[in-house]
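Novice: Sharing a structure here in structure tokens format.
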Amino acid sequence: MTISPSSIFKDIETIRKTAPLVHNITNYVVMNTTANALLALGASPVMAHALPEVEEMAAMAGALVINIGTLSEAWIQAMFKAVKKAASRNIPIVLDPVGVGATRYRTRTARELIRAAAPSIIRGNGSEIMALCDQGRTTKGVDSTSASGLAVDAAKTLARESGSVVCVTGAIDYIVSATAVIEIKNGHSMMPRVTGLGCTATALCGAFAAVNPDMAGAAAHAMAVMGIAGEMAAEHAPGPGTLQVNFIDCLYRLSEAHIQDRLKR
Amino acid sequence: MTISPSSIFKDIETIRKTAPLVHNITNYVVMNTTANALLALGASPVMAHALPEVEEMAAMAGALVINIGTLSEAWIQAMFKAVKKAASRNIPIVLDPVGVGATRYRTRTARELIRAAAPSIIRGNGSEIMALCDQGRTTKGVDSTSASGLAVDAAKTLARESGSVVCVTGAIDYIVSATAVIEIKNGHSMMPRVTGLGCTATALCGAFAAVNPDMAGAAAHAMAVMGIAGEMAAEHAPGPGTLQVNFIDCLYRLSEAHIQDRLKR
Amino acid sequence: MTISPSSIFKDIETIRKTAPLVHNITNYVVMNTTANALLALGASPVMAHALPEVEEMAAMAGALVINIGTLSEAWIQAMFKAVKKAASRNIPIVLDPVGVGATRYRTRTARELIRAAAPSIIRGNGSEIMALCDQGRTTKGVDSTSASGLAVDAAKTLARESGSVVCVTGAIDYIVSATAVIEIKNGHSMMPRVTGLGCTATALCGAFAAVNPDMAGAAAHAMAVMGIAGEMAAEHAPGPGTLQVNFIDCLYRLSEAHIQDRLKR
């Protein structure tokens, strides 16, 4: 898979033309902002978490996004039901293990979800991916002298064991599959000051995975779009309030020229 | 009922002066944005969904807004309790059947809510209104050659059977009562790219219904205000992020002159 | 405790340097906006409400914020578990009794929460504080001829009985402890038109209380920052949509000079 401005923009055009339905079972904090990001990109978001309807909704979707940011028992049950349905239909499942490592409840739930149906893509920050992987089993590789190196090592272990593409996001985003690591170096330092941009990155993975059968490519495209739109949004933003608004505008207006000018790998 | 800039603005002034309490049992995605829209218009929103308190809250409200966008069992129970209380007090009930037709759970819940207490106003897009009406029974009228014609036919059937005013929103908004159809042609093509503006339209119906005893008039006024504020908001919006922010500002600043300049029927 | 621009800015610098973890169990309406406000100020928000994890989360936090805006049974249980854990660790507990007085459910829940573990800070508007206090027992003091005077009297009673610092917010904010009343006169009349700015004030109390052992000082600093950022945000805001966005930017950019120029006591 070669990531290029044209490969990225081809996916964006497909999303804009086909408006894939992305079924999200996500957290309360980001429901509005991730729905808006998906709409701005050109996808069709739906949020549904009730046990009686999650299977029907997942049966119509082009991708399923599971985000454990504000868990509770009923929602976990719905997540399991939805991922099983999605797996039976072979549609992409994207998992955001928000806060894994912070509480045992989150760590256990995320691991069980992965066992129930291997996600196509798992996206988290370094500490989440390391917690998910269970440090003890991580091969200490060449990059392990740095924090991101440790996270990439954990991602490699996780990718090998789960078969998932694992996305470790931070100043540099690493898209780790069983066979390769893609790096995306776009983004802006103010982005972590906006709540839920990580969750938005995960949701965009869902949109790209719905139109691109190569999961590493889809994830890399999503990360490039996040980073580029974030940079553009930050350029005229006096603070994170404006950045959040501009970011949605930039997703909506993103052109191939924007990507050509800015993509950093 | 004649809809005019002055009839619309008269209601806005009443809302601004009396700040009617609008009790919302709505979905997680739009709670923040619909509360902000109601506040910007001049109404007093309250969100409350707990079984032990919904009756007390509905007992104080000037209107009740029910939105099934992110359903679950406990919320459905609260919705039934609230609509019965509202009906017993003869305050307007506004229903937004989000996603009806997408899952049987939503279709069944919306229909049962309508049976439990006929809404004063039902607002949805064409496919929701058609799904709600149960296509089979729809009289195929003169407009049925177009998609919106089919939806208006469904709305007429639904209005006749439920006694509700049925609002079908889209490029043109149709406000359908047992005896008449009002058309509002305001709005902007970027509005569907902002999540929850349909839900906001429903919430504004609640505010207008709280101050105007004519439900068709209240719904038409709400749709006109939505469309006009949306057009104004889109004028200087590079994308849907800015549109969402501007829209709230425009609701807040809306004058009779704005309405006179822009109302399209 | 003397409140000054330098005492306020010293706390802000500490928040920016140490990024205290603020654990919020709050309402659906404001989760996104309060998380963004905490991030913009420099704190680290986390939202978690599941019974199996609230103790672990509260055990890591620098402060716990409880907001009863959209109550339900499961959330109440989690609130009790979390406040007990927070009390056992002696970290600040901040309570926002949203809508107390509107329904018996809210009034009872807020009072029981206070009895379970006395909050460090209680922040509400005048009517909430009066309802919480149980009017009957309020000493009618010298200020009682005005509405805010009645609320301050109620706050004094509540502060004496609970040991909490009680913050009554409105055009003037009163920070009431057993021994003193601090007044903050900043703010802007458009602020009540943005949903959840009261909840944001409460969340910011959590951030300040996490870094400042003097609870009256922490609450007064939070109120000053709210009011000053709100004034700055309103200056170039045509309406509450823009105000909400600017407010986040202003929290992010707030300097000691801004505070010196604007603090009104």
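Just remember, in the structure tokens the first chain shown is A, the second B, etc., residues are 1-based per chain, and ligands are 1-based in the order shown.
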Do a neighbour search on Arg262 of chain A at 9 Å with only C-alpha atoms, toss out local chain neighbours closer than 2 positions, and write the hits as a list in words.

Specialist: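 Everything that qualifies: Asn186, Ile228, Glu231, Ala257, His258, Ile259, Gln260 and Lys264 of chain A.
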
Novice: Residues of chain A within 10 Å of chain B, using only C-alpha atoms, as number ranges by chain?

Specialist: A: 27-57, 60, 74, 242-253

Novice: Can you check which residues of segment 64-213 of chain A DSSP gives as helix (DSSP H, G or I) on the backbone and send them as a PDB file with C-alpha atoms, in the first residue's frame?

Specialist:
```pdb
ATOM      1  CA  GLU A  73     -23.151  -2.540  31.331  1.00  0.00           C
ATOM      2  CA  ALA A  74     -26.017  -2.071  28.864  1.00  0.00           C
ATOM      3  CA  TRP A  75     -23.747  -0.406  26.371  1.00  0.00           C
ATOM      4  CA  ILE A  76     -21.162  -3.187  26.633  1.00  0.00           C
ATOM      5  CA  GLN A  77     -23.829  -5.781  25.842  1.00  0.00           C
ATOM      6  CA  ALA A  78     -24.860  -3.781  22.798  1.00  0.00           C
ATOM      7  CA  MET A  79     -21.239  -3.491  21.694  1.00  0.00           C
ATOM      8  CA  PHE A  80     -20.796  -7.272  21.789  1.00  0.00           C
ATOM      9  CA  LYS A  81     -23.999  -7.837  19.863  1.00  0.00           C
ATOM     10  CA  ALA A  82     -23.036  -5.274  17.252  1.00  0.00           C
ATOM     11  CA  VAL A  83     -19.465  -6.497  16.707  1.00  0.00           C
ATOM     12  CA  LYS A  84     -20.709 -10.066  16.248  1.00  0.00           C
ATOM     13  CA  LYS A  85     -23.195  -8.894  13.653  1.00  0.00           C
ATOM     14  CA  ALA A  86     -20.574  -6.791  11.902  1.00  0.00           C
ATOM     15  CA  ALA A  87     -18.128  -9.709  11.900  1.00  0.00           C
ATOM     16  CA  SER A  88     -20.765 -12.018  10.420  1.00  0.00           C
ATOM     17  CA  ARG A  89     -21.256  -9.513   7.608  1.00  0.00           C
ATOM     18  CA  ARG A 104      -9.542  -2.564  34.983  1.00  0.00           C
ATOM     19  CA  TYR A 105     -13.117  -2.309  33.698  1.00  0.00           C
ATOM     20  CA  ARG A 106     -11.993  -0.589  30.516  1.00  0.00           C
ATOM     21  CA  THR A 107      -8.991  -2.839  29.999  1.00  0.00           C
ATOM     22  CA  ARG A 108     -11.068  -6.000  30.450  1.00  0.00           C
ATOM     23  CA  THR A 109     -13.888  -4.768  28.219  1.00  0.00           C
ATOM     24  CA  ALA A 110     -11.572  -3.755  25.393  1.00  0.00           C
ATOM     25  CA  ARG A 111      -9.714  -7.066  25.485  1.00  0.00           C
ATOM     26  CA  GLU A 112     -12.952  -9.050  25.516  1.00  0.00           C
ATOM     27  CA  LEU A 113     -14.298  -7.039  22.592  1.00  0.00           C
ATOM     28  CA  ILE A 114     -11.145  -7.829  20.618  1.00  0.00           C
ATOM     29  CA  ARG A 115     -11.517 -11.515  21.437  1.00  0.00           C
ATOM     30  CA  ALA A 116     -15.217 -11.527  20.497  1.00  0.00           C
ATOM     31  CA  GLY A 126       0.501   5.141  23.091  1.00  0.00           C
ATOM     32  CA  SER A 127      -0.463   4.371  26.668  1.00  0.00           C
ATOM     33  CA  GLU A 128      -3.779   2.844  25.654  1.00  0.00           C
ATOM     34  CA  ILE A 129      -2.146   0.589  23.090  1.00  0.00           C
ATOM     35  CA  MET A 130       0.521  -0.481  25.581  1.00  0.00           C
ATOM     36  CA  ALA A 131      -2.096  -1.222  28.238  1.00  0.00           C
ATOM     37  CA  LEU A 132      -4.180  -3.151  25.743  1.00  0.00           C
ATOM     38  CA  CYS A 133      -1.251  -5.249  24.674  1.00  0.00           C
ATOM     39  CA  GLN A 135       3.278  -4.893  28.446  1.00  0.00           C
ATOM     40  CA  GLY A 136       4.787  -8.139  29.714  1.00  0.00           C
ATOM     41  CA  ARG A 137       4.495  -9.870  26.375  1.00  0.00           C
ATOM     42  CA  ALA A 147       8.027   6.155  24.592  1.00  0.00           C
ATOM     43  CA  SER A 148       6.615   6.020  21.078  1.00  0.00           C
ATOM     44  CA  GLY A 149       9.012   3.205  20.303  1.00  0.00           C
ATOM     45  CA  LEU A 150       7.554   1.189  23.179  1.00  0.00           C
ATOM     46  CA  ALA A 151       4.061   1.916  21.929  1.00  0.00           C
ATOM     47  CA  VAL A 152       4.934   0.871  18.389  1.00  0.00           C
ATOM     48  CA  ASP A 153       6.406  -2.356  19.746  1.00  0.00           C
ATOM     49  CA  ALA A 154       3.185  -2.965  21.654  1.00  0.00           C
ATOM     50  CA  ALA A 155       1.217  -2.203  18.503  1.00  0.00           C
ATOM     51  CA  LYS A 156       3.238  -4.768  16.565  1.00  0.00           C
ATOM     52  CA  THR A 157       2.524  -7.435  19.154  1.00  0.00           C
ATOM     53  CA  LEU A 158      -1.155  -6.505  19.193  1.00  0.00           C
ATOM     54  CA  ALA A 159      -1.355  -6.458  15.391  1.00  0.00           C
ATOM     55  CA  ARG A 160       0.242  -9.896  15.219  1.00  0.00           C
ATOM     56  CA  GLU A 161      -2.024 -11.391  17.880  1.00  0.00           C
ATOM     57  CA  SER A 162      -5.318  -9.805  16.842  1.00  0.00           C
ATOM     58  CA  MET A 191      -5.231  19.432  18.778  1.00  0.00           C
ATOM     59  CA  PRO A 192      -4.979  17.528  22.103  1.00  0.00           C
ATOM     60  CA  ARG A 193      -6.646  20.544  23.748  1.00  0.00           C
ATOM     61  CA  LEU A 197     -10.271  14.553  18.398  1.00  0.00           C
ATOM     62  CA  GLY A 198      -8.835  11.094  19.037  1.00  0.00           C
ATOM     63  CA  CYS A 199     -12.379   9.715  18.946  1.00  0.00           C
ATOM     64  CA  THR A 200     -12.919  11.649  15.725  1.00  0.00           C
ATOM     65  CA  ALA A 201      -9.809  10.018  14.245  1.00  0.00           C
ATOM     66  CA  THR A 202     -11.355   6.655  15.079  1.00  0.00           C
ATOM     67  CA  ALA A 203     -14.694   7.599  13.539  1.00  0.00           C
ATOM     68  CA  LEU A 204     -12.952   8.729  10.340  1.00  0.00           C
ATOM     69  CA  CYS A 205     -11.188   5.341  10.214  1.00  0.00           C
ATOM     70  CA  GLY A 206     -14.697   3.904  10.012  1.00  0.00           C
ATOM     71  CA  ALA A 207     -15.584   6.090   7.027  1.00  0.00           C
ATOM     72  CA  PHE A 208     -12.376   5.249   5.148  1.00  0.00           C
ATOM     73  CA  ALA A 209     -12.603   1.548   5.994  1.00  0.00           C
ATOM     74  CA  ALA A 210     -16.135   1.532   4.580  1.00  0.00           C
ATOM     75  CA  VAL A 211     -14.807   2.494   1.139  1.00  0.00           C
TER      76      VAL A 211
END
```

Novice: In Å, how far is it from atom CA of Asn67 of chain C to atom CA of Gly124 of chain C?

Specialist: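 So the answer is 10.3 Å.
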
Novice: What is the atom CA of Val168 of chain C to atom CA of His221 of chain C distance in Å?

Specialist: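 Distance reported for this atom pair: 13.9 Å.
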
Novice: Identify, with DSSP run on backbone atoms, the residues in segment 24-245 of chain A assigned to strand (DSSP E), and express the list as a PyMOL selection string.

Specialist: chain A and resi 24-25+44-47+63-67+93-96+121-125+165-169+173-176+181-184

Novice: With N, CA and C atoms retained, export the selected residues as a short mmCIF file (atom, residue, chain, number, x, y, z; two decimals), in the first residue's frame.

Specialist:
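Resulting contents of part.cif:
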```cif
data_model
loop_
_atom_site.label_atom_id
_atom_site.label_comp_id
_atom_site.auth_asym_id
_atom_site.auth_seq_id
_atom_site.Cartn_x
_atom_site.Cartn_y
_atom_site.Cartn_z
N ASN A 24 -22.07 4.07 14.86
CA ASN A 24 -21.23 4.36 16.01
C ASN A 24 -21.91 3.95 17.31
N ILE A 25 -21.21 3.17 18.11
CA ILE A 25 -21.61 3.02 19.52
C ILE A 25 -20.46 3.66 20.28
N SER A 44 -22.27 9.17 6.34
CA SER A 44 -23.57 9.23 7.03
C SER A 44 -23.44 8.56 8.38
N PRO A 45 -23.37 9.34 9.45
CA PRO A 45 -23.25 8.74 10.77
C PRO A 45 -24.60 8.31 11.32
N VAL A 46 -24.61 7.21 12.06
CA VAL A 46 -25.79 6.91 12.88
C VAL A 46 -25.27 6.45 14.23
N MET A 47 -25.95 6.91 15.29
CA MET A 47 -25.63 6.52 16.66
C MET A 47 -26.80 5.68 17.15
N ALA A 63 -19.62 0.36 8.02
CA ALA A 63 -18.58 0.13 9.03
C ALA A 63 -19.19 0.34 10.41
N LEU A 64 -18.58 -0.32 11.40
CA LEU A 64 -19.03 -0.20 12.78
C LEU A 64 -17.88 0.39 13.61
N VAL A 65 -18.19 1.45 14.37
CA VAL A 65 -17.19 2.07 15.23
C VAL A 65 -17.59 1.88 16.69
N ILE A 66 -16.70 1.28 17.47
CA ILE A 66 -16.96 1.04 18.89
C ILE A 66 -15.97 1.88 19.69
N ASN A 67 -16.50 2.67 20.61
CA ASN A 67 -15.67 3.57 21.41
C ASN A 67 -16.10 3.43 22.87
N ILE A 93 -14.75 -3.32 11.46
CA ILE A 93 -14.99 -2.92 12.85
C ILE A 93 -13.80 -2.09 13.30
N VAL A 94 -14.08 -0.91 13.84
CA VAL A 94 -13.01 -0.05 14.33
C VAL A 94 -13.21 0.13 15.83
N LEU A 95 -12.16 -0.08 16.59
CA LEU A 95 -12.26 0.01 18.06
C LEU A 95 -11.40 1.14 18.59
N ASP A 96 -12.00 1.96 19.48
CA ASP A 96 -11.25 2.99 20.19
C ASP A 96 -11.25 2.63 21.68
N ILE A 121 -9.46 -2.32 12.64
CA ILE A 121 -8.55 -1.25 13.06
C ILE A 121 -8.76 -0.98 14.55
N ILE A 122 -7.67 -0.84 15.27
CA ILE A 122 -7.71 -0.37 16.66
C ILE A 122 -6.93 0.94 16.69
N ARG A 123 -7.56 2.01 17.19
CA ARG A 123 -6.85 3.29 17.27
C ARG A 123 -6.80 3.80 18.70
N GLY A 124 -5.63 4.10 19.19
CA GLY A 124 -5.51 4.66 20.53
C GLY A 124 -4.22 5.45 20.65
N ASN A 125 -4.04 6.10 21.81
CA ASN A 125 -2.75 6.75 22.03
C ASN A 125 -1.77 5.70 22.55
N VAL A 165 -5.17 -3.95 12.22
CA VAL A 165 -4.27 -2.83 12.00
C VAL A 165 -4.34 -1.97 13.26
N VAL A 166 -3.20 -1.61 13.82
CA VAL A 166 -3.19 -0.85 15.06
C VAL A 166 -2.60 0.54 14.79
N CYS A 167 -3.38 1.52 15.14
CA CYS A 167 -3.03 2.91 14.91
C CYS A 167 -2.63 3.53 16.23
N VAL A 168 -1.38 3.96 16.36
CA VAL A 168 -0.93 4.64 17.57
C VAL A 168 -0.79 6.11 17.24
N THR A 169 -1.63 6.94 17.83
CA THR A 169 -1.60 8.34 17.43
C THR A 169 -0.92 9.21 18.48
N ASP A 173 1.81 9.73 13.93
CA ASP A 173 0.87 8.61 13.94
C ASP A 173 1.54 7.41 13.29
N TYR A 174 1.45 6.26 13.96
CA TYR A 174 2.00 5.02 13.42
C TYR A 174 0.85 4.08 13.08
N ILE A 175 0.80 3.64 11.84
CA ILE A 175 -0.21 2.68 11.43
C ILE A 175 0.51 1.35 11.25
N VAL A 176 0.22 0.44 12.19
CA VAL A 176 1.01 -0.78 12.32
C VAL A 176 0.18 -1.99 11.90
N VAL A 181 4.89 -0.73 8.92
CA VAL A 181 4.53 0.43 9.73
C VAL A 181 4.53 1.66 8.82
N ILE A 182 3.40 2.34 8.78
CA ILE A 182 3.30 3.60 8.03
C ILE A 182 3.35 4.74 9.04
N GLU A 183 4.07 5.80 8.73
CA GLU A 183 4.10 6.97 9.61
C GLU A 183 3.44 8.16 8.94
N ILE A 184 2.65 8.88 9.71
CA ILE A 184 2.04 10.13 9.24
C ILE A 184 2.46 11.21 10.23
#
```

Novice: Go through A:Ser146, A:Val225, A:Ser177, A:Ala61 one by one, measure the shortest atom-to-atom distance of each to Pro20 of chain A using only C-alpha atoms, and give the residue with the smallest value.

Specialist: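 Smallest distance to Pro20 of chain A is found for A:Ala61.
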